[in-house]
Every structure is written in structure tokens, then in C-alpha cells.
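Heads up, my_file_19.cif below (mmCIF, C-alpha atoms and all ligand atoms):
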```cif
data_data
#
loop_
_atom_site.label_atom_id
_atom_site.label_comp_id
_atom_site.auth_asym_id
_atom_site.auth_seq_id
_atom_site.Cartn_x
_atom_site.Cartn_y
_atom_site.Cartn_z
CA MET K 10 101.34 60.47 107.81
CA SER K 11 99.03 63.34 106.83
CA ASN K 12 99.58 66.95 105.77
CA ASP K 13 97.57 70.16 106.30
CA ASP K 14 98.46 72.59 103.51
CA SER K 15 100.14 73.07 100.14
CA ALA K 16 101.88 76.07 98.57
CA PRO K 17 104.30 76.11 95.61
CA VAL K 18 106.75 78.90 94.74
CA LEU K 19 104.94 81.13 92.25
CA VAL K 20 106.34 83.58 89.69
CA ILE K 21 103.83 85.95 88.07
CA GLY K 22 104.71 87.90 84.94
CA ILE K 23 102.47 90.97 84.72
CA GLY K 24 101.55 93.18 81.78
CA ASN K 25 100.18 93.36 78.26
CA ALA K 26 102.32 91.78 75.54
CA PHE K 27 100.61 94.02 72.94
CA ARG K 28 101.66 97.31 74.52
CA SER K 29 105.40 97.24 73.86
CA ASP K 30 107.40 97.56 77.11
CA ASP K 31 104.30 96.87 79.21
CA GLY K 32 104.93 93.28 78.08
CA ALA K 33 108.37 93.09 79.76
CA GLY K 34 107.03 91.11 82.73
CA ILE K 35 105.26 88.69 80.36
CA ALA K 36 108.42 88.28 78.25
CA ALA K 37 110.48 87.53 81.38
CA ALA K 38 107.88 85.01 82.63
CA ARG K 39 107.87 83.15 79.30
CA ARG K 40 111.65 82.78 79.40
CA LEU K 41 111.59 81.70 83.05
CA LYS K 42 108.90 79.12 82.38
CA SER K 43 111.17 77.29 79.97
CA GLN K 44 114.11 77.12 82.39
CA LEU K 45 112.81 76.87 85.98
CA PRO K 46 112.20 73.47 87.65
CA ALA K 47 108.67 72.12 88.07
CA SER K 48 108.73 73.12 91.75
CA VAL K 49 108.33 76.74 90.59
CA LYS K 50 105.02 77.64 88.94
CA VAL K 51 105.11 80.48 86.38
CA ILE K 52 101.94 82.26 85.25
CA GLU K 53 100.92 85.47 83.45
CA GLU K 54 98.47 88.09 84.70
CA SER K 55 97.23 91.42 83.37
CA GLY K 56 97.94 93.22 86.66
CA GLU K 57 94.41 93.55 87.99
CA GLY K 58 94.77 93.63 91.79
CA THR K 59 92.03 91.24 92.90
CA ALA K 60 93.06 88.67 90.25
CA LEU K 61 96.59 88.76 91.67
CA VAL K 62 95.34 88.15 95.22
CA GLU K 63 93.34 85.17 93.94
CA ALA K 64 96.30 83.82 91.96
CA TRP K 65 98.71 83.77 94.91
CA LYS K 66 96.30 82.64 97.61
CA ASP K 67 97.84 79.16 97.96
CA SER K 68 101.48 80.22 97.70
CA ALA K 69 103.87 80.99 100.53
CA SER K 70 106.52 82.42 98.24
CA VAL K 71 105.63 84.72 95.32
CA ILE K 72 107.69 86.79 92.89
CA LEU K 73 105.96 89.42 90.72
CA ILE K 74 107.59 90.92 87.62
CA ASP K 75 106.12 94.08 86.12
CA ALA K 76 107.12 97.03 83.97
CA THR K 77 107.56 100.38 85.73
CA ARG K 78 107.16 103.97 84.61
CA SER K 79 109.10 105.88 87.26
CA GLY K 80 111.42 108.18 85.33
CA THR K 81 114.55 106.04 85.82
CA PRO K 82 116.57 105.07 82.71
CA PRO K 83 114.86 102.42 80.51
CA GLY K 84 115.87 98.90 81.53
CA THR K 85 116.51 99.83 85.20
CA ILE K 86 115.71 96.84 87.41
CA ARG K 87 114.45 97.37 90.95
CA ARG K 88 113.56 94.83 93.61
CA PHE K 89 111.07 95.38 96.46
CA ASP K 90 110.36 93.16 99.46
CA ALA K 91 106.60 93.71 99.44
CA ALA K 92 106.02 91.39 102.42
CA SER K 93 107.74 93.87 104.71
CA GLU K 94 107.25 97.24 102.99
CA LYS K 95 104.86 99.12 100.76
CA ILE K 96 105.95 99.26 97.11
CA PRO K 97 105.91 102.62 95.24
CA SER K 98 102.53 101.95 93.58
CA GLU K 99 102.76 105.02 91.36
CA SER K 100 105.72 103.41 89.53
CA PHE K 101 103.64 100.34 88.65
CA ARG K 102 100.72 102.12 86.98
CA CYS K 103 101.50 101.00 83.43
CA SER K 104 98.32 99.01 82.93
CA THR K 105 94.83 100.39 82.40
CA HIS K 106 93.61 98.82 85.67
CA VAL K 107 92.44 101.30 88.29
CA PHE K 108 93.12 98.69 90.96
CA GLY K 109 96.57 97.41 90.07
CA VAL K 110 99.61 95.70 91.55
CA GLY K 111 100.11 98.08 94.48
CA GLY K 112 96.38 98.04 95.29
CA GLY K 113 96.27 94.24 95.26
CA ILE K 114 99.26 94.00 97.59
CA GLU K 115 97.85 96.50 100.08
CA LEU K 116 94.40 94.86 99.99
CA ALA K 117 96.00 91.49 100.75
CA ARG K 118 98.08 93.07 103.53
CA THR K 119 94.93 94.50 105.10
CA LEU K 120 93.09 91.17 104.82
CA GLY K 121 96.04 89.17 106.17
CA GLN K 122 96.28 87.36 102.80
CA LEU K 123 99.79 88.44 101.86
CA PRO K 124 102.14 85.56 100.98
CA LYS K 125 104.82 84.99 103.59
CA HIS K 126 107.44 85.95 101.00
CA LEU K 127 106.41 88.46 98.35
CA VAL K 128 109.03 90.07 96.15
CA VAL K 129 108.30 92.50 93.31
CA TYR K 130 110.75 93.09 90.46
CA GLY K 131 110.19 96.20 88.37
CA ILE K 132 111.83 96.86 85.00
CA GLU K 133 111.63 100.39 83.68
CA GLY K 134 109.89 100.69 80.32
CA GLN K 135 110.27 103.37 77.67
CA ASN K 136 107.52 102.83 75.11
CA PHE K 137 103.97 101.78 76.07
CA ASP K 138 102.34 102.29 72.67
CA PRO K 139 100.54 99.43 70.88
CA GLY K 140 103.08 96.92 69.55
CA GLU K 141 104.81 93.68 70.46
CA ALA K 142 108.47 94.72 70.40
CA LEU K 143 110.38 95.71 73.52
CA SER K 144 112.60 98.81 73.44
CA PRO K 145 116.29 97.92 72.91
CA ALA K 146 117.26 98.97 76.48
CA VAL K 147 114.46 96.88 77.98
CA GLU K 148 115.24 93.90 75.76
CA LYS K 149 118.88 94.12 76.86
CA ALA K 150 117.95 94.24 80.57
CA ILE K 151 115.55 91.29 80.36
CA ALA K 152 118.45 88.80 80.42
CA GLU K 153 119.71 90.16 83.74
CA LEU K 154 116.18 90.31 85.14
CA VAL K 155 115.53 86.68 84.18
CA SER K 156 118.82 85.61 85.74
CA ARG K 157 118.04 87.40 89.02
CA VAL K 158 114.49 86.03 89.28
CA ASP K 159 115.70 82.55 88.32
CA SER K 160 118.23 82.56 91.20
CA GLU K 161 115.73 83.91 93.70
CA ALA K 162 112.99 81.43 92.69
CA ARG K 163 115.40 78.49 92.96
CA ARG K 164 116.56 79.69 96.39
CA SER K 165 112.92 80.03 97.48
CA SER K 166 112.15 76.52 96.33
CA GLN K 167 114.70 75.17 98.80
CA HIS K 168 112.87 73.56 101.71
CA ASP K 169 113.60 73.38 105.39
CA VAL K 170 112.29 70.11 106.84
CA ASN K 171 111.95 70.68 110.57
CA VAL K 172 111.60 67.61 112.80
CA CYS K 173 110.42 68.11 116.36
CA LEU K 174 113.00 66.69 118.77
CA ALA K 175 111.30 67.82 121.99
CA ALA K 176 110.39 65.23 124.63
CA GLY K 177 106.88 64.34 123.38
CA CYS K 178 107.94 63.61 119.79
CA LEU K 179 111.28 62.16 120.86
CA SER K 180 109.47 59.54 122.96
CA LEU K 181 107.79 58.52 119.67
CA HIS K 182 111.23 58.18 118.00
CA SER K 183 111.34 61.45 116.08
CA ASP K 184 115.14 61.13 116.16
CA LEU K 185 114.82 58.06 113.91
CA VAL K 186 112.44 60.01 111.65
CA LYS K 187 115.05 62.78 111.35
CA GLN K 188 117.79 60.29 110.49
CA ALA K 189 115.62 58.67 107.80
CA LEU K 190 114.70 62.09 106.34
CA GLU K 191 118.37 63.13 106.25
CA ARG K 192 119.25 59.94 104.40
CA GLU K 193 116.46 60.38 101.84
CA ALA K 194 117.12 64.12 101.40
CA SER K 195 120.77 63.44 100.70
CA GLU K 196 119.90 60.77 98.12
CA ALA K 197 117.35 63.09 96.50
CA GLY K 198 119.98 65.71 95.72
CA GLY K 199 120.00 68.34 98.44
CA ARG K 200 116.94 70.54 97.81
CA CYS K 201 115.76 69.75 101.35
CA ARG K 202 117.60 70.76 104.51
CA VAL K 203 116.60 68.58 107.47
CA ARG K 204 116.86 70.12 110.93
CA GLY K 205 115.78 69.33 114.49
CA THR K 206 113.48 71.83 116.25
CA GLY K 207 111.78 72.37 119.60
CA CYS K 208 108.16 71.64 120.51
CA MET K 209 105.59 72.90 117.98
CA GLY K 210 102.69 72.63 120.42
CA LEU K 211 100.93 69.70 118.74
CA CYS K 212 102.51 66.98 120.86
CA SER K 213 99.59 64.54 120.63
CA ALA K 214 100.04 64.49 116.81
CA GLY K 215 103.75 63.61 116.92
CA PRO K 216 106.18 62.84 115.58
CA LEU K 217 105.69 66.19 113.89
CA VAL K 218 107.48 67.46 110.76
CA ALA K 219 107.02 71.02 109.44
CA VAL K 220 108.19 72.06 105.95
CA GLU K 221 109.05 75.68 105.15
CA PRO K 222 108.43 77.87 103.22
CA ASP K 223 105.53 75.68 102.05
CA ARG K 224 103.81 75.70 105.45
CA LEU K 225 103.28 71.94 105.23
CA LEU K 226 102.70 70.14 108.49
CA TYR K 227 103.00 66.35 108.70
CA ARG K 228 101.68 64.47 111.72
CA ASP K 229 102.42 60.98 112.99
CA VAL K 230 105.47 60.61 110.73
CA LYS K 231 107.31 57.28 110.81
CA PRO K 232 110.82 56.55 109.52
CA GLU K 233 109.28 54.47 106.72
CA ASP K 234 107.37 57.61 105.54
CA ALA K 235 110.64 59.48 104.89
CA ARG K 236 111.09 58.52 101.23
CA GLU K 237 107.53 59.44 100.26
CA LEU K 238 107.68 62.71 102.20
CA ILE K 239 110.93 63.84 100.54
CA GLN K 240 109.52 62.88 97.12
CA ILE K 241 106.41 64.99 97.78
CA ILE K 242 108.49 68.00 98.83
CA ASN K 243 110.81 67.70 95.83
S1 LIG T 1 106.91 67.55 121.51
FE1 LIG T 1 106.74 67.61 119.36
S2 LIG T 1 105.15 69.01 119.04
FE2 LIG T 1 105.42 69.04 121.18
#
```

Encoded form using C-alpha cells:
Amino acid sequence: MSNDDSAPVLVIGIGNAFRSDDGAGIAAARRLKSQLPASVKVIEESGEGTALVEAWKDSASVILIDATRSGTPPGTIRRFDAASEKIPSESFRCSTHVFGVGGGIELARTLGQLPKHLVVYGIEGQNFDPGEALSPAVEKAIAELVSRVDSEARRSSQHDVNVCLAAGCLSLHSDLVKQALEREASEAGGRCRVRGTGCMGLCSAGPLVAVEPDRLLYRDVKPEDARELIQIIN
């Protein structure tokens, strides 16, 4: 059994914890780090665009959290699916970076380096002066923001384990591989959903198993590999 790629779910809290509400994304990330499972990586970034592109380069599923300055009431939470649409960059210009969150996303889109799933959560700030305290409205909204990102990150860390059941892999007993994976996934507690799929076009490397959203591809999988494979995914 061998695999070709690796990509954890990544949450990035963006901002400056010493500029009041600009630190809302950092505050949310610190709370999430203490409660999310190890399958979700949580980091902090200042919001410089090229640093963000570098940070997410190995991740298929990324959630960004940043303060906004858009004129909506303080504490307003907005969610953008940045993988499929442009975010309103002007709302995310809280930091001093000329090339910020929106710039990083569009650069990655142009270069074909956008994560497969990229969601941006914005929380509207009120005070961006030097200081470490969040405004009361922002502080109040952080709990809801953390809860929403927590749910989305946990959902994203669910894995689909796709076993090729087309003729080439089936002749190499991929049906037995699927059964063994189902057994192990069930014993491991249900974070993996095992499914049969059609030909993936790599028939000589079968039996083939593809894991999403991680973009992991396992070749020459045998039923006796099932336990190790499920442990790796979990
Ligand atoms: S038959 Fe499995 S990849 Fe083609």
C-alpha cells in the first residue's frame, strides 16, 4: 500500500491581537485550538497574502477567520465560499498589509493553488486602535463564530473512502478491501464513510482507494491494509 499526497483540514485565525478588534480572528483561533480534534490544524497569521498561500499549500480544506470593516453592525458574522466566488476584499482591509487576504486568495486562484474547499468567515469589528481588548459586541459574537467554525471544521474533517469496484480492481478483490475498510471504519467510530466507485483510470495500480477531501490515493491496497489505512485517515 502506498499513498501520493497529504492534506489536513486547516483553520487560520488572521489579525493582530494588539489592535483591539483586529485580533478577533486570532481570539477565535485560540479558542478553536483548545477544542478541535487533532485532525484539524489551527494556526495564526497576520493576513499577508503570500504567507497565507504558503500556509495552505498542502491543505484541501481551509477555513479563514478575519475581522471585517464593512459598515455592518459590530459583531456581524459573514461567511464566504471563496473557492467558488470572489470575496469582498475591501471589507477585509483591517491589517496594514497592502497585499492582504483578498489578494492572496485571488493570486492563488490565478495560479491554480486555491484549496479545493476555502471558506472565509468575517466578523465585523468596531475598534482597531492599539489595545488587546475586543469590543463588547465583538466579544459577544465570538462564541457564535467559534461554534460555527467548529461545526464546519468537524464536518470537513469527515472523510470519504472511495474504493474502486470497476472490473480491473474487482478482479484483484477490491470488494474484499471495501468490506475490510467498512469493518475498520465502523470500529474506529464513524469519521470515515466507505463507498464503492467506478474506474479511476489507474487500473494497473489497483486495488485503488481514494480518500476525500484529503486527495489521498492508495494503490495496491489489500484487505490486511484496512486497519492501518483507517488509522492513518483518522
Ligand atoms: S478498474 Fe480500478 S482504477 Fe480502473

Counting all atoms listed in the file, give me one row per residue of chain K with an atom at most 12 Å from an atom of ligand LIG 1 (chain T), showing the shortest contact pair and its distance in Å to one decimal, sorted by chain then residue number, as a Markdown table.
```
| residue | atom | partner | partner_atom | distance |
| --- | --- | --- | --- | --- |
| K:Asn171 | CA | T:LIG1 | FE1 | 10.7 |
| K:Val172 | CA | T:LIG1 | FE1 | 8.2 |
| K:Cys173 | CA | T:LIG1 | FE1 | 4.8 |
| K:Leu174 | CA | T:LIG1 | FE1 | 6.4 |
| K:Ala175 | CA | T:LIG1 | S1 | 4.4 |
| K:Ala176 | CA | T:LIG1 | S1 | 5.2 |
| K:Gly177 | CA | T:LIG1 | S1 | 3.7 |
| K:Cys178 | CA | T:LIG1 | FE1 | 4.2 |
| K:Leu179 | CA | T:LIG1 | S1 | 7.0 |
| K:Ser180 | CA | T:LIG1 | S1 | 8.5 |
| K:Leu181 | CA | T:LIG1 | FE1 | 9.2 |
| K:His182 | CA | T:LIG1 | FE1 | 10.5 |
| K:Ser183 | CA | T:LIG1 | FE1 | 8.4 |
| K:Asp184 | CA | T:LIG1 | FE1 | 11.1 |
| K:Gly205 | CA | T:LIG1 | FE1 | 10.4 |
| K:Thr206 | CA | T:LIG1 | FE1 | 8.5 |
| K:Gly207 | CA | T:LIG1 | FE1 | 6.9 |
| K:Cys208 | CA | T:LIG1 | FE2 | 3.8 |
| K:Met209 | CA | T:LIG1 | S2 | 4.1 |
| K:Gly210 | CA | T:LIG1 | FE2 | 4.6 |
| K:Leu211 | CA | T:LIG1 | S2 | 4.3 |
| K:Cys212 | CA | T:LIG1 | FE2 | 3.6 |
| K:Ser213 | CA | T:LIG1 | S2 | 7.3 |
| K:Ala214 | CA | T:LIG1 | S2 | 7.2 |
| K:Gly215 | CA | T:LIG1 | FE1 | 5.6 |
| K:Pro216 | CA | T:LIG1 | FE1 | 6.1 |
| K:Leu217 | CA | T:LIG1 | FE1 | 5.7 |
| K:Val218 | CA | T:LIG1 | FE1 | 8.6 |
| K:Ala219 | CA | T:LIG1 | S2 | 10.0 |
| K:Leu226 | CA | T:LIG1 | S2 | 10.9 |
| K:Tyr227 | CA | T:LIG1 | S2 | 10.9 |
| K:Arg228 | CA | T:LIG1 | S2 | 9.3 |
| K:Asp229 | CA | T:LIG1 | FE1 | 10.2 |
| K:Val230 | CA | T:LIG1 | FE1 | 11.2 |
```

Using all atoms listed in the file, the shortest atom-to-atom distance to K:Ser144 among K:Ile35, K:Lys231, K:Gly84, K:Ala117 belongs to K:Gly84

A straight line from atom CA of K:Val147 to atom CA of K:Asp90 spans 22.2 Å

| message | Taking 5 positions as the minimum chain separation for residues in the same chain, which residues sit within 10 Å of K:Thr77 when counting only C-alpha atoms? Answer as a PyMOL selection string. | response | chain K and resi 30-31+33-34+83-87+97-104+130-135

Between K:Leu73, K:Leu116, K:Leu238, K:Leu19, single out the one closest to K:Ser166, counting all atoms listed in the file.
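Using all atoms listed in the file, K:Ser166 sits closest to K:Leu19.
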
Requested in this report: Extract, using only C-alpha atoms, all DNA, RNA and protein residues at most 10 Å from K:Ala36, discarding same-chain residues fewer than 2 positions from it, and format them as a PyMOL selection string.
Outcome: chain K and resi 22-26+30-34+38-41+53+74+143+148+151+155

Could you save those same residues with C-alpha atoms as an mmCIF file, keeping the file's coordinate frame?
```
data_model
loop_
_atom_site.group_PDB
_atom_site.id
_atom_site.type_symbol
_atom_site.label_atom_id
_atom_site.label_comp_id
_atom_site.auth_asym_id
_atom_site.auth_seq_id
_atom_site.Cartn_x
_atom_site.Cartn_y
_atom_site.Cartn_z
ATOM 1 C CA GLY K 22 104.710 87.900 84.940
ATOM 2 C CA ILE K 23 102.470 90.970 84.720
ATOM 3 C CA GLY K 24 101.550 93.180 81.780
ATOM 4 C CA ASN K 25 100.180 93.360 78.260
ATOM 5 C CA ALA K 26 102.320 91.780 75.540
ATOM 6 C CA ASP K 30 107.400 97.560 77.110
ATOM 7 C CA ASP K 31 104.300 96.870 79.210
ATOM 8 C CA GLY K 32 104.930 93.280 78.080
ATOM 9 C CA ALA K 33 108.370 93.090 79.760
ATOM 10 C CA GLY K 34 107.030 91.110 82.730
ATOM 11 C CA ALA K 38 107.880 85.010 82.630
ATOM 12 C CA ARG K 39 107.870 83.150 79.300
ATOM 13 C CA ARG K 40 111.650 82.780 79.400
ATOM 14 C CA LEU K 41 111.590 81.700 83.050
ATOM 15 C CA GLU K 53 100.920 85.470 83.450
ATOM 16 C CA ILE K 74 107.590 90.920 87.620
ATOM 17 C CA LEU K 143 110.380 95.710 73.520
ATOM 18 C CA GLU K 148 115.240 93.900 75.760
ATOM 19 C CA ILE K 151 115.550 91.290 80.360
ATOM 20 C CA VAL K 155 115.530 86.680 84.180
#
```

What's the 8 Å shell around K:Val203, counting only C-alpha atoms, without same-chain residues fewer than 3 positions away, as number ranges by chain?
K: 169-172, 187, 190-191, 194

Query - Counting only C-alpha atoms, the option among K:Arg202, K:Arg78, K:Arg88, K:Arg224 closest to K:Leu154 - result: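 Closest candidate: K:Arg88.
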
One residue among K:Ala76, K:Gly109, K:Val20, K:Ala197 is nearest to K:Asn136 when using all atoms listed in the file, and that residue is K:Ala76

At a cut-off of 12 Å around the point (102.6, 79.1, 97.4) (file coordinates), what residues fall inside when counting all atoms listed in the file? I'd like the answer as a ChimeraX atom specification. /K:14-21,48-51,62-72,122-127,162,165-166,221-225

With C-alpha atoms retained, export the selected residues as a compact mmCIF listing (two decimals), in the coordinates of the input.
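Contents of the output file selection16.txt:
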```
# COMPACT_ATOMS: atom_id res chain seq x y z
CA ASP K 14 98.46 72.59 103.51
CA SER K 15 100.14 73.07 100.14
CA ALA K 16 101.88 76.07 98.57
CA PRO K 17 104.30 76.11 95.61
CA VAL K 18 106.75 78.90 94.74
CA LEU K 19 104.94 81.13 92.25
CA VAL K 20 106.34 83.58 89.69
CA ILE K 21 103.83 85.95 88.07
CA SER K 48 108.73 73.12 91.75
CA VAL K 49 108.33 76.74 90.59
CA LYS K 50 105.02 77.64 88.94
CA VAL K 51 105.11 80.48 86.38
CA VAL K 62 95.34 88.15 95.22
CA GLU K 63 93.34 85.17 93.94
CA ALA K 64 96.30 83.82 91.96
CA TRP K 65 98.71 83.77 94.91
CA LYS K 66 96.30 82.64 97.61
CA ASP K 67 97.84 79.16 97.96
CA SER K 68 101.48 80.22 97.70
CA ALA K 69 103.87 80.99 100.53
CA SER K 70 106.52 82.42 98.24
CA VAL K 71 105.63 84.72 95.32
CA ILE K 72 107.69 86.79 92.89
CA GLN K 122 96.28 87.36 102.80
CA LEU K 123 99.79 88.44 101.86
CA PRO K 124 102.14 85.56 100.98
CA LYS K 125 104.82 84.99 103.59
CA HIS K 126 107.44 85.95 101.00
CA LEU K 127 106.41 88.46 98.35
CA ALA K 162 112.99 81.43 92.69
CA SER K 165 112.92 80.03 97.48
CA SER K 166 112.15 76.52 96.33
CA GLU K 221 109.05 75.68 105.15
CA PRO K 222 108.43 77.87 103.22
CA ASP K 223 105.53 75.68 102.05
CA ARG K 224 103.81 75.70 105.45
CA LEU K 225 103.28 71.94 105.23
```
